[in-house]
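K.L.:
Coordinates in final21.cif, mmCIF, C-alpha atoms and all ligand atoms, are listed below.
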data_upload
loop_
_atom_site.label_atom_id
_atom_site.label_comp_id
_atom_site.auth_asym_id
_atom_site.auth_seq_id
_atom_site.Cartn_x
_atom_site.Cartn_y
_atom_site.Cartn_z
CA ARG A 1 113.26 109.31 75.79
CA ALA A 2 116.26 107.11 76.64
CA ALA A 3 116.68 103.84 74.78
CA GLN A 4 115.15 100.79 76.40
CA ALA A 5 117.79 99.17 78.63
CA PRO A 6 117.44 95.38 78.36
CA ASN A 7 119.58 94.69 81.47
CA LEU A 8 117.26 96.84 83.50
CA VAL A 9 114.21 94.63 83.03
CA ALA A 10 116.27 91.55 83.91
CA ALA A 11 117.77 93.24 86.97
CA VAL A 12 114.36 93.68 88.64
CA SER A 13 113.98 90.64 90.86
CA GLU A 14 110.47 89.29 91.31
CA ALA A 15 111.63 86.99 94.12
CA ARG A 16 113.52 89.68 96.05
CA GLN A 17 110.61 92.10 95.90
CA TRP A 18 108.13 89.40 96.99
CA ASP A 19 110.37 88.38 99.88
CA ARG A 20 110.51 91.99 101.06
CA ILE A 21 106.71 92.25 100.86
CA ALA A 22 106.50 89.11 103.02
CA GLN A 23 109.01 90.42 105.57
CA MET A 24 107.18 93.74 105.86
CA ALA A 25 103.84 91.89 106.19
CA ARG A 26 105.11 90.24 109.37
CA LEU A 27 105.30 93.67 111.03
CA GLY A 28 101.67 94.01 112.06
CA GLY A 29 100.64 90.86 110.24
CA PHE A 30 97.60 88.82 111.20
CA THR A 31 95.42 86.11 109.67
CA ASP A 32 91.67 86.77 109.57
CA ALA A 33 88.88 84.24 110.13
CA ASP A 34 88.89 83.35 106.42
CA GLY A 35 92.63 82.72 106.36
CA HIS A 36 93.60 85.97 104.57
CA GLN A 37 96.89 87.53 105.61
CA GLY A 38 96.23 91.10 106.73
CA VAL A 39 98.34 93.91 108.14
CA ASN A 40 97.62 96.43 110.88
CA ARG A 41 100.52 98.88 110.97
CA ALA A 42 99.28 102.33 111.93
CA ALA A 43 101.40 105.43 111.43
CA LEU A 44 103.97 106.32 114.12
CA THR A 45 103.51 103.06 116.06
CA LYS A 46 106.33 100.76 117.16
CA LEU A 47 105.55 98.57 114.13
CA ASP A 48 105.85 101.56 111.80
CA ARG A 49 109.28 102.29 113.30
CA GLU A 50 110.34 98.68 112.85
CA ALA A 51 109.21 98.75 109.21
CA ARG A 52 111.27 101.89 108.60
CA ARG A 53 114.34 100.25 110.20
CA LEU A 54 113.85 97.21 107.98
CA LEU A 55 113.71 99.45 104.91
CA LEU A 56 116.88 101.22 106.04
CA SER A 57 118.60 97.86 106.54
CA TRP A 58 117.95 97.04 102.86
CA ALA A 59 119.00 100.49 101.64
CA ALA A 60 122.31 100.67 103.53
CA PRO A 61 124.22 97.94 101.61
CA LEU A 62 123.14 99.64 98.38
CA GLY A 63 124.77 102.87 99.48
CA LEU A 64 121.49 104.81 99.42
CA LYS A 65 121.73 107.84 101.71
CA PRO A 66 118.85 108.17 104.20
CA SER A 67 117.37 111.40 105.50
CA VAL A 68 114.23 112.35 107.40
CA ASP A 69 112.26 115.60 107.64
CA VAL A 70 110.31 117.20 110.47
CA LEU A 71 107.11 115.34 109.50
CA GLY A 72 108.93 111.99 109.55
CA ASN A 73 108.92 111.63 105.76
CA LEU A 74 111.79 109.23 105.06
CA PHE A 75 114.05 109.53 101.98
CA LEU A 76 116.70 107.26 100.43
CA ARG A 77 118.91 108.92 97.85
CA HIS A 78 120.61 107.33 94.85
CA GLU A 79 123.20 109.83 93.58
CA GLY A 80 123.17 111.13 90.03
CA THR A 81 126.13 112.05 87.84
CA GLU A 82 124.96 115.65 88.34
CA PRO A 83 124.30 115.76 92.10
CA ALA A 84 123.04 119.34 91.96
CA ALA A 85 120.31 118.47 89.44
CA ALA A 86 116.72 118.35 90.71
CA PRO A 87 115.99 114.76 91.81
CA VAL A 88 113.34 112.40 90.49
CA MET A 89 111.26 111.05 93.38
CA ALA A 90 109.33 107.79 93.69
CA GLY A 91 107.60 106.07 96.58
CA SER A 92 104.42 105.82 98.61
CA HIS A 93 103.58 105.08 102.27
CA MET A 94 104.35 102.34 104.81
CA ASP A 95 101.41 102.73 107.21
CA SER A 96 98.31 100.56 106.72
CA GLN A 97 94.62 100.54 107.47
CA PRO A 98 93.71 98.80 110.77
CA ASN A 99 92.21 95.90 108.82
CA GLY A 100 94.51 96.38 105.86
CA GLY A 101 96.31 94.18 103.36
CA ARG A 102 99.94 93.48 102.56
CA PHE A 103 100.28 95.80 99.57
CA ASP A 104 98.46 99.12 99.98
CA GLY A 105 101.23 101.64 100.41
CA ILE A 106 104.22 99.50 101.23
CA TRP A 107 104.48 98.05 97.72
CA GLY A 108 105.01 101.55 96.27
CA VAL A 109 108.03 102.05 98.55
CA LEU A 110 109.42 98.56 97.90
CA ALA A 111 108.89 98.94 94.13
CA ALA A 112 110.91 102.17 94.21
CA LEU A 113 113.65 100.35 96.14
CA GLU A 114 113.58 97.44 93.69
CA ALA A 115 113.70 99.82 90.72
CA VAL A 116 116.66 101.77 92.13
CA GLN A 117 118.48 98.56 93.07
CA ALA A 118 117.95 97.28 89.52
CA ILE A 119 119.20 100.54 88.00
CA ARG A 120 122.37 100.25 90.09
CA GLU A 121 122.88 96.54 89.41
CA ALA A 122 122.35 97.06 85.68
CA GLY A 123 125.15 99.64 85.83
CA ILE A 124 122.97 102.44 84.49
CA ALA A 125 124.14 105.91 85.52
CA THR A 126 121.48 108.59 85.69
CA LYS A 127 122.11 112.30 85.36
CA ARG A 128 119.63 113.23 88.07
CA PRO A 129 119.58 111.78 91.58
CA ILE A 130 116.66 109.46 92.38
CA GLU A 131 115.05 109.73 95.81
CA ILE A 132 112.85 107.01 97.27
CA VAL A 133 110.27 108.45 99.66
CA ALA A 134 108.03 106.95 102.37
CA TRP A 135 105.41 109.57 103.31
CA THR A 136 104.17 109.78 106.90
CA ASN A 137 100.57 108.80 107.75
CA GLU A 138 98.96 108.43 104.34
CA GLU A 139 96.05 106.33 105.58
CA GLY A 140 94.75 108.55 108.34
CA GLY A 141 93.26 105.53 110.13
CA ARG A 142 94.96 106.34 113.44
CA PHE A 143 95.35 110.11 113.11
CA ALA A 144 92.87 111.68 110.65
CA PRO A 145 93.22 112.86 107.99
CA GLY A 146 95.56 110.91 105.76
CA CYS A 147 98.38 112.35 103.63
CA MET A 148 99.77 114.49 106.47
CA GLY A 149 103.38 113.96 105.36
CA SER A 150 102.81 114.93 101.74
CA MET A 151 100.48 117.83 102.66
CA ALA A 152 103.14 119.40 104.89
CA TRP A 153 105.97 118.60 102.47
CA SER A 154 104.14 120.32 99.59
CA GLY A 155 103.21 123.39 101.62
CA HIS A 156 99.51 122.50 101.39
CA ARG A 157 99.27 122.76 105.21
CA PRO A 158 101.71 124.09 107.84
CA PRO A 159 103.73 121.28 109.47
CA ASP A 160 102.29 121.92 112.96
CA THR A 161 98.65 121.66 111.77
CA TRP A 162 97.97 118.27 113.36
CA ASN A 163 100.06 118.40 116.57
CA ASP A 164 96.99 118.28 118.82
CA THR A 165 95.16 115.64 116.78
CA LEU A 166 94.36 112.64 119.01
CA ASP A 167 94.24 108.96 118.17
CA GLY A 168 91.60 106.60 119.59
CA GLU A 169 93.61 106.24 122.80
CA GLY A 170 94.03 109.98 123.34
CA LEU A 171 97.69 110.11 122.24
CA ARG A 172 98.75 113.35 120.46
CA PHE A 173 100.09 113.27 116.93
CA GLY A 174 102.76 115.82 117.89
CA ASP A 175 104.03 113.62 120.73
CA GLU A 176 104.06 110.45 118.66
CA LEU A 177 105.88 112.22 115.84
CA ALA A 178 108.46 113.62 118.28
CA ALA A 179 109.02 110.10 119.65
CA LEU A 180 109.55 108.72 116.15
CA LEU A 181 112.04 111.47 115.30
CA ALA A 182 113.89 110.93 118.59
CA SER A 183 114.19 107.24 117.79
CA GLU A 184 115.68 108.20 114.40
CA ALA A 185 118.17 110.76 115.69
CA ASP A 186 120.92 108.79 113.91
CA ILE A 187 119.37 109.61 110.51
CA PRO A 188 120.41 112.95 108.98
CA ARG A 189 117.69 115.62 108.99
CA ARG A 190 116.66 117.43 105.85
CA GLY A 191 114.56 120.53 105.24
CA LEU A 192 110.83 120.10 104.77
CA GLY A 193 109.99 119.62 101.11
CA ILE A 194 109.63 122.58 98.82
CA VAL A 195 109.07 124.76 101.86
CA GLU A 196 112.74 124.41 102.81
CA GLY A 197 114.35 122.40 100.05
CA PRO A 198 114.66 122.02 96.27
CA ARG A 199 111.74 121.26 94.01
CA PRO A 200 111.97 117.74 92.55
CA PHE A 201 112.09 117.25 88.80
CA ALA A 202 109.23 114.72 88.85
CA TYR A 203 107.39 112.28 91.16
CA VAL A 204 106.07 108.79 90.33
CA GLU A 205 104.00 106.67 92.74
CA PRO A 206 103.38 102.96 92.12
CA HIS A 207 100.28 101.55 93.85
CA ILE A 208 97.94 98.59 93.64
CA GLU A 209 94.76 99.54 91.75
CA GLN A 210 92.43 98.81 94.69
CA GLY A 211 89.67 98.36 92.10
CA PRO A 212 88.63 95.63 89.64
CA LEU A 213 89.26 97.13 86.19
CA LEU A 214 92.76 95.89 85.30
CA GLU A 215 91.99 92.33 86.35
CA ALA A 216 88.58 92.31 84.62
CA GLU A 217 90.14 93.52 81.38
CA GLY A 218 93.18 91.24 81.58
CA LEU A 219 95.64 94.15 81.68
CA ASP A 220 99.00 94.52 83.42
CA ILE A 221 99.47 98.24 84.01
CA GLY A 222 97.21 101.20 84.74
CA VAL A 223 98.46 104.57 83.54
CA VAL A 224 96.75 106.82 86.06
CA THR A 225 95.28 110.00 84.61
CA GLY A 226 94.35 111.71 87.86
CA ILE A 227 92.62 111.47 91.24
CA GLN A 228 89.12 112.56 92.18
CA GLY A 229 88.68 115.25 94.83
CA SER A 230 87.97 114.36 98.48
CA ARG A 231 86.54 116.24 101.42
CA TRP A 232 86.37 114.83 104.94
CA PHE A 233 84.15 116.21 107.70
CA LEU A 234 83.55 115.43 111.36
CA VAL A 235 79.96 115.95 112.59
CA GLU A 236 79.45 116.21 116.35
CA ILE A 237 75.90 116.16 117.70
CA GLU A 238 75.19 117.14 121.27
CA GLY A 239 71.99 116.39 123.20
CA LYS A 240 71.31 115.25 126.75
CA THR A 241 71.42 111.87 128.53
CA ASP A 242 68.21 110.48 130.00
CA HIS A 243 66.87 107.25 131.42
CA ALA A 244 65.65 105.00 128.60
CA GLY A 245 62.73 103.75 130.69
CA THR A 246 61.45 106.97 132.14
CA ALA A 247 62.12 109.92 129.81
CA PRO A 248 59.17 110.59 127.43
CA LEU A 249 60.24 110.59 123.78
CA SER A 250 58.70 114.02 123.33
CA LEU A 251 61.09 115.55 125.89
CA ARG A 252 64.35 113.89 124.86
CA GLN A 253 67.38 115.46 123.25
CA ASP A 254 68.49 112.16 121.76
CA ALA A 255 71.77 112.51 119.86
CA VAL A 256 71.39 109.15 118.10
CA GLN A 257 67.91 109.95 116.78
CA ASP A 258 69.08 113.31 115.47
CA MET A 259 72.12 111.64 113.93
CA VAL A 260 69.80 109.30 112.01
CA ARG A 261 67.81 112.30 110.73
CA VAL A 262 71.02 114.08 109.75
CA ILE A 263 72.40 111.07 107.85
CA ASN A 264 69.08 110.67 106.01
CA ALA A 265 69.18 114.33 104.99
CA LEU A 266 72.78 113.98 103.84
CA ASN A 267 71.87 110.91 101.78
CA ALA A 268 69.26 113.04 100.01
CA LEU A 269 71.80 115.82 99.42
CA MET A 270 74.31 113.32 98.02
CA ALA A 271 71.86 111.36 95.81
CA ASP A 272 73.47 110.91 92.39
CA PRO A 273 71.69 109.04 89.58
CA THR A 274 74.99 108.79 87.66
CA ASP A 275 76.64 106.93 90.60
CA ILE A 276 79.85 108.94 90.21
CA LEU A 277 79.64 110.62 93.61
CA ARG A 278 81.03 108.79 96.66
CA PHE A 279 79.58 109.45 100.12
CA THR A 280 80.56 107.40 103.18
CA VAL A 281 79.78 107.57 106.88
CA GLY A 282 82.51 105.21 108.06
CA ARG A 283 82.91 105.86 111.76
CA ILE A 284 80.30 106.53 114.43
CA GLU A 285 80.91 107.12 118.12
CA VAL A 286 78.09 107.41 120.62
CA SER A 287 78.29 108.29 124.26
CA PRO A 288 77.75 107.08 126.83
CA ASN A 289 77.17 104.06 124.52
CA SER A 290 74.85 102.27 126.92
CA SER A 291 71.76 100.35 125.83
CA ASN A 292 69.43 101.85 128.42
CA THR A 293 70.64 105.46 128.34
CA VAL A 294 69.63 108.12 125.82
CA ALA A 295 72.85 109.24 124.11
CA ASP A 296 73.99 112.80 124.74
CA ARG A 297 76.68 112.75 122.09
CA ALA A 298 77.03 111.26 118.62
CA ARG A 299 80.01 111.88 116.35
CA PHE A 300 80.42 110.61 112.83
CA THR A 301 82.79 111.04 109.92
CA ILE A 302 81.95 111.96 106.33
CA ASP A 303 84.16 110.97 103.40
CA PHE A 304 82.82 112.71 100.27
CA ARG A 305 84.47 112.41 96.84
CA HIS A 306 83.83 113.57 93.29
CA PRO A 307 86.04 114.11 90.22
CA ASP A 308 84.31 117.39 89.28
CA PRO A 309 84.99 120.49 91.41
CA ALA A 310 81.63 121.86 90.23
CA VAL A 311 80.00 119.11 92.32
CA LEU A 312 82.63 118.63 95.04
CA LEU A 313 82.67 122.27 96.12
CA PRO A 314 78.95 123.22 96.32
CA LYS A 315 77.77 119.89 97.73
CA GLY A 316 80.57 119.85 100.30
CA ASP A 317 79.75 123.44 101.24
CA ALA A 318 76.08 122.46 101.71
CA ILE A 319 76.86 119.77 104.30
CA GLU A 320 76.82 122.06 107.33
CA ALA A 321 73.46 123.64 106.52
CA THR A 322 71.99 120.22 105.74
CA VAL A 323 73.16 118.87 109.11
CA LYS A 324 71.75 121.85 110.99
CA GLY A 325 68.49 121.78 109.07
CA ALA A 326 67.82 118.14 109.96
CA LEU A 327 68.27 118.46 113.75
CA THR A 328 65.25 118.50 116.02
CA ARG A 329 66.35 119.16 119.61
CA CYS A 330 70.12 118.68 119.51
CA ARG A 331 72.96 121.02 118.50
CA ALA A 332 75.72 120.13 116.03
CA THR A 333 79.10 121.29 114.81
CA VAL A 334 80.62 120.37 111.47
CA THR A 335 84.40 120.51 111.00
CA GLU A 336 86.15 120.00 107.68
CA ARG A 337 89.29 117.94 108.24
CA PHE A 338 90.57 117.23 104.74
CA HIS A 339 90.16 118.93 101.41
CA ALA A 340 91.92 117.71 98.28
CA LEU A 341 90.85 119.08 94.91
CA PRO A 342 90.72 116.74 91.92
CA ALA A 343 94.21 116.37 90.45
CA ARG A 344 95.34 115.66 86.86
CA PHE A 345 98.61 113.87 86.25
CA ASP A 346 101.27 115.13 83.89
CA PRO A 347 100.88 114.08 80.22
CA LEU A 348 104.61 113.40 79.78
CA VAL A 349 104.75 111.11 82.83
CA GLN A 350 101.67 109.28 81.54
CA ASP A 351 103.31 108.87 78.13
CA LEU A 352 106.52 107.54 79.69
CA ILE A 353 104.59 104.95 81.74
CA GLU A 354 102.57 103.88 78.72
CA GLY A 355 105.71 103.71 76.57
CA ALA A 356 107.67 101.68 79.14
CA ALA A 357 104.78 99.21 79.49
CA ALA A 358 104.49 98.79 75.71
CA ALA A 359 108.27 98.36 75.32
CA GLN A 360 108.14 95.55 77.87
CA GLY A 361 105.24 93.81 76.14
CA LEU A 362 102.78 94.73 78.90
CA ARG A 363 99.19 95.72 78.20
CA SER A 364 98.04 98.98 79.76
CA ARG A 365 95.13 101.38 79.87
CA ARG A 366 94.62 104.91 81.14
CA MET A 367 92.37 105.18 84.18
CA PRO A 368 91.50 107.57 87.01
CA SER A 369 92.06 106.81 90.70
CA GLY A 370 89.09 106.66 93.07
CA ALA A 371 91.36 106.43 96.11
CA PHE A 372 93.40 109.43 97.14
CA HIS A 373 97.17 109.21 97.30
CA ASP A 374 100.12 111.34 98.33
CA ALA A 375 100.71 111.96 94.61
CA GLN A 376 97.71 114.32 94.67
CA PHE A 377 99.71 116.83 96.70
CA LEU A 378 102.73 116.61 94.39
CA VAL A 379 100.71 117.65 91.33
CA PRO A 380 101.06 121.41 91.96
CA ILE A 381 104.78 120.95 92.67
CA CYS A 382 106.25 118.94 89.77
CA PRO A 383 105.27 116.63 86.89
CA THR A 384 103.59 113.73 88.68
CA GLY A 385 102.12 110.35 87.75
CA MET A 386 101.07 106.99 89.14
CA ILE A 387 101.46 103.37 88.01
CA PHE A 388 98.70 100.89 88.93
CA ILE A 389 98.92 97.09 88.88
CA PRO A 390 95.94 94.70 89.20
CA SER A 391 94.25 93.95 92.52
CA ARG A 392 92.57 90.54 92.76
CA GLY A 393 88.80 91.02 92.81
CA GLY A 394 89.41 94.75 93.23
CA VAL A 395 89.66 94.17 96.99
CA SER A 396 91.64 96.61 99.14
CA HIS A 397 91.63 98.02 102.70
CA HIS A 398 90.99 94.36 103.60
CA PRO A 399 93.20 91.35 104.48
CA ALA A 400 92.15 89.66 101.20
CA GLU A 401 94.02 92.33 99.20
CA PHE A 402 96.24 90.46 96.72
CA SER A 403 98.45 90.97 93.69
CA THR A 404 100.72 88.25 92.30
CA PRO A 405 104.52 88.39 92.52
CA ALA A 406 104.60 88.66 88.71
CA GLN A 407 102.16 91.59 88.65
CA LEU A 408 104.21 93.37 91.31
CA ALA A 409 107.40 92.73 89.32
CA ASN A 410 105.78 94.17 86.17
CA GLY A 411 105.04 97.36 88.08
CA ALA A 412 108.61 97.64 89.39
CA ARG A 413 110.01 97.07 85.86
CA VAL A 414 107.86 99.82 84.37
CA LEU A 415 108.83 102.11 87.23
CA ALA A 416 112.54 101.37 86.73
CA GLN A 417 112.36 102.37 83.06
CA VAL A 418 110.32 105.50 83.81
CA LEU A 419 112.83 106.55 86.48
CA VAL A 420 115.74 106.13 84.07
CA ASP A 421 113.84 108.12 81.41
CA LEU A 422 113.02 110.96 83.78
CA ALA A 423 116.41 111.00 85.50
CA ASN A 424 118.18 111.46 82.18
CA ARG A 425 116.04 114.35 80.96
C1 LIG B 1 93.19 106.26 100.76
O1 LIG B 1 93.53 105.30 101.42
C2 LIG B 1 91.82 106.51 100.42
O2 LIG B 1 90.96 106.39 101.32
O3 LIG B 1 91.56 106.84 99.26
MN MN B 2 97.77 103.59 99.77
MN MN B 3 94.84 102.94 101.64
MN MN B 4 95.51 105.63 100.44
#
Kindly transcribe the structure held in the file into structure tokens.

P.N.:
Amino acid sequence: RAAQAPNLVAAVSEARQWDRIAQMARLGGFTDADGHQGVNRAALTKLDREARRLLLSWAAPLGLKPSVDVLGNLFLRHEGTEPAAAPVMAGSHMDSQPNGGRFDGIWGVLAALEAVQAIREAGIATKRPIEIVAWTNEEGGRFAPGCMGSMAWSGHRPPDTWNDTLDGEGLRFGDELAALLASEADIPRRGLGIVEGPRPFAYVEPHIEQGPLLEAEGLDIGVVTGIQGSRWFLVEIEGKTDHAGTAPLSLRQDAVQDMVRVINALNALMADPTDILRFTVGRIEVSPNSSNTVADRARFTIDFRHPDPAVLLPKGDAIEATVKGALTRCRATVTERFHALPARFDPLVQDLIEGAAAAQGLRSRRMPSGAFHDAQFLVPICPTGMIFIPSRGGVSHHPAEFSTPAQLANGARVLAQVLVDLANR
């Protein structure tokens, strides 16, 4: 492990990083009824493009070389003294939830930029190149599922998998991606990840915790040990429309009533006395969505998570039969749209994060991640880890999401040291 570089810690600017967070928050920014400053910046929108241009405008004076791949993943390269050496990568995503906060995703990209800027300003040469990455569509709020950029990059799914996926307005992912790439024709293209390019030496993703533990325990840094597994499903129930005043209940094929039965049956399947399992029906669409018409169609999403594959796999596999078994007069289809196995982060990367925090006088703990992240898809590719910083009240995916400028600076300082350590190995 390289010696602690004192100039490096000083070169990370709390004020500069906070100002960049604030500038990014204006792109899609809004204030909710309680006065919280939220962000709505969905993937591949005009706002997403503007955010990427803003990032590029900060990278250019630093001499970082941009490139973009066929999925729109955006890279900024800091050259190493051995340019042919496998690069160390760090970053996260720039898209947000529709009712999101100012930090989820974007801070990981800005922390990587701050860390690389500090490394350069401190005059520290690294053997390996360092590449900052902004992955396309991590949230999956506009085009489901999330993590499309990292899934394609890592070879987990073919890059054309989602071309026909529609957003809420019927726009195709493939068309929106093509429009983004056309608007970035001035940025050099690169091959897609390990499918067409070199394998990185390591990947580190900084992220807000999105949970309450670090704050509750008065800690500065979370050394993330791994991520629980996730499976997403879409359930589509089909019945028949009828007049609400005339059709006898006994003759209806009511999609809403069968949906209620199905969700009750799924709740029974997912019951977990240990409260480790996570099961969410987050989105429901009913048609024709009229108060005096029996619904002929009901669609809902399932987000199911568990850290143990011995639970995640059989329970997830039982969803379709449970749905079909609970129907009375309707038909249903169940489609799996996302499947990420539980992932364990690399012990060396964890040790480097813990060591950097301790050397800087920061208090840390090891902890798993309940949220999924692009880092999950890097685990099979290279040594991977994540750095968490506290989230006020544990709130995230909400405009009240907050971390202090000092907490964000701590995260960037730990990242900077870890990047130097890895890039000199
Ligand atoms: C990512 O945003 C997740 O839902 O875990
Ligand atoms: Mn995120
Ligand atoms: Mn998120
Ligand atoms: Mn996420």

K.L.:
Calculated over only C-alpha atoms and all ligand atoms, which of the candidates A:Leu27, A:Ala375, A:Val235, A:Val204 has the smallest distance to ligand LIG 1 (chain B)?

P.N.:
A:Ala375

K.L.:
Please identify the residues whose atoms come within 8 Å of ligand LIG 1 (chain B), using only C-alpha atoms and all ligand atoms, and report them as JSON, numbers by chain.

P.N.:
{"A": [97, 138, 139, 140, 146, 370, 371, 372, 373, 397]}

K.L.:
Need the shell around Asp95 (chain A): protein/DNA/RNA residues with any atom at most 8 Å away, counting all atoms listed in the file. Skip same-chain ones fewer than 4 positions apart. Format as an mmCIF file with C-alpha atoms, in the coordinates of the input?

P.N.:
data_model
loop_
_atom_site.group_PDB
_atom_site.id
_atom_site.type_symbol
_atom_site.label_atom_id
_atom_site.label_comp_id
_atom_site.auth_asym_id
_atom_site.auth_seq_id
_atom_site.Cartn_x
_atom_site.Cartn_y
_atom_site.Cartn_z
ATOM 1 C CA ARG A 41 100.520 98.880 110.970
ATOM 2 C CA ALA A 42 99.280 102.330 111.930
ATOM 3 C CA ALA A 43 101.400 105.430 111.430
ATOM 4 C CA ASP A 48 105.850 101.560 111.800
ATOM 5 C CA GLY A 105 101.230 101.640 100.410
ATOM 6 C CA ILE A 106 104.220 99.500 101.230
ATOM 7 C CA THR A 136 104.170 109.780 106.900
ATOM 8 C CA ASN A 137 100.570 108.800 107.750
ATOM 9 C CA GLU A 138 98.960 108.430 104.340
ATOM 10 C CA GLU A 139 96.050 106.330 105.580
#

K.L.:
For ligand MN 2 (chain B), which residue among A:Gly108, A:Gly355, A:Gly239, A:Pro129 is the nearest when counting all atoms listed in the file?

P.N.:
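Once distances to ligand MN 2 (chain B) are computed over all atoms listed in the file, the minimum belongs to A:Gly108.
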
K.L.:
Between region 174-239 of chain A and region 63-71 of chain A, at 6 Å or less, what are the per-residue closest atom pairs and their distances in Å? Count only C-alpha atoms, order by chain and rising residue number, and return it as a tab-separated table.

P.N.:
residue	atom	partner	partner_atom	distance
A:Ile187	CA	A:Ser67	CA	5.7
A:Pro188	CA	A:Ser67	CA	4.9
A:Arg189	CA	A:Val68	CA	5.0
A:Arg190	CA	A:Asp69	CA	5.1
A:Gly191	CA	A:Asp69	CA	5.9
A:Leu192	CA	A:Asp69	CA	5.5

K.L.:
Considering all atoms listed in the file, can you say which of A:Thr335, A:Ala112, A:Thr161, A:Phe233 comes closest to Leu408 (chain A)?

P.N.:
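Among the listed residues, the smallest separation from Leu408 (chain A) belongs to A:Ala112.
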
K.L.:
Contacts of region 208-214 of chain A at 6 Å or less, counting only C-alpha atoms, minus same-chain residues fewer than 2 places along, as a PyMOL selection string?

P.N.:
chain A and resi 216-219+388-391+393-396

K.L.:
Fewer than 2 positions away in the same chain doesn't count, so skip those; otherwise give me all residues within 8 Å of Glu354 (chain A), counting all atoms listed in the file, as a list in words.

P.N.:
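Surrounding residues, per the criterion: Val223, Gln350, Asp351, Leu352, Ala356, Ala357, Ala358, Ser364 and Arg365 of chain A.
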
K.L.:
Expressed in Å to a single decimal, how great is the separation between CA of Ala298 (chain A) and CA of Gly245 (chain A)?

P.N.:
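Going from CA of Ala298 (chain A) over to CA of Gly245 (chain A), I get 20.2 Å.
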
K.L.:
In Å, rounded to a single decimal, give me how far CA of Val88 (chain A) is from CA of Val420 (chain A).

P.N.:
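Interatomic distance, CA of Val420 (chain A) to CA of Val88 (chain A): 9.3 Å.
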
K.L.:
Can you work out which one of A:Leu341, A:Val224, A:Leu171, A:Val418 has the shortest atom-to-atom distance to Gly316 (chain A), counting all atoms listed in the file?

P.N.:
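Looking only at the distances to Gly316 (chain A), the closest residue turns out to be A:Leu341.
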
K.L.:
Counting only C-alpha atoms, which of A:Ile21, A:Ala33, A:Leu47, A:Ile132 gets nearest to Leu74 (chain A)?

P.N.:
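Closest candidate: A:Ile132.
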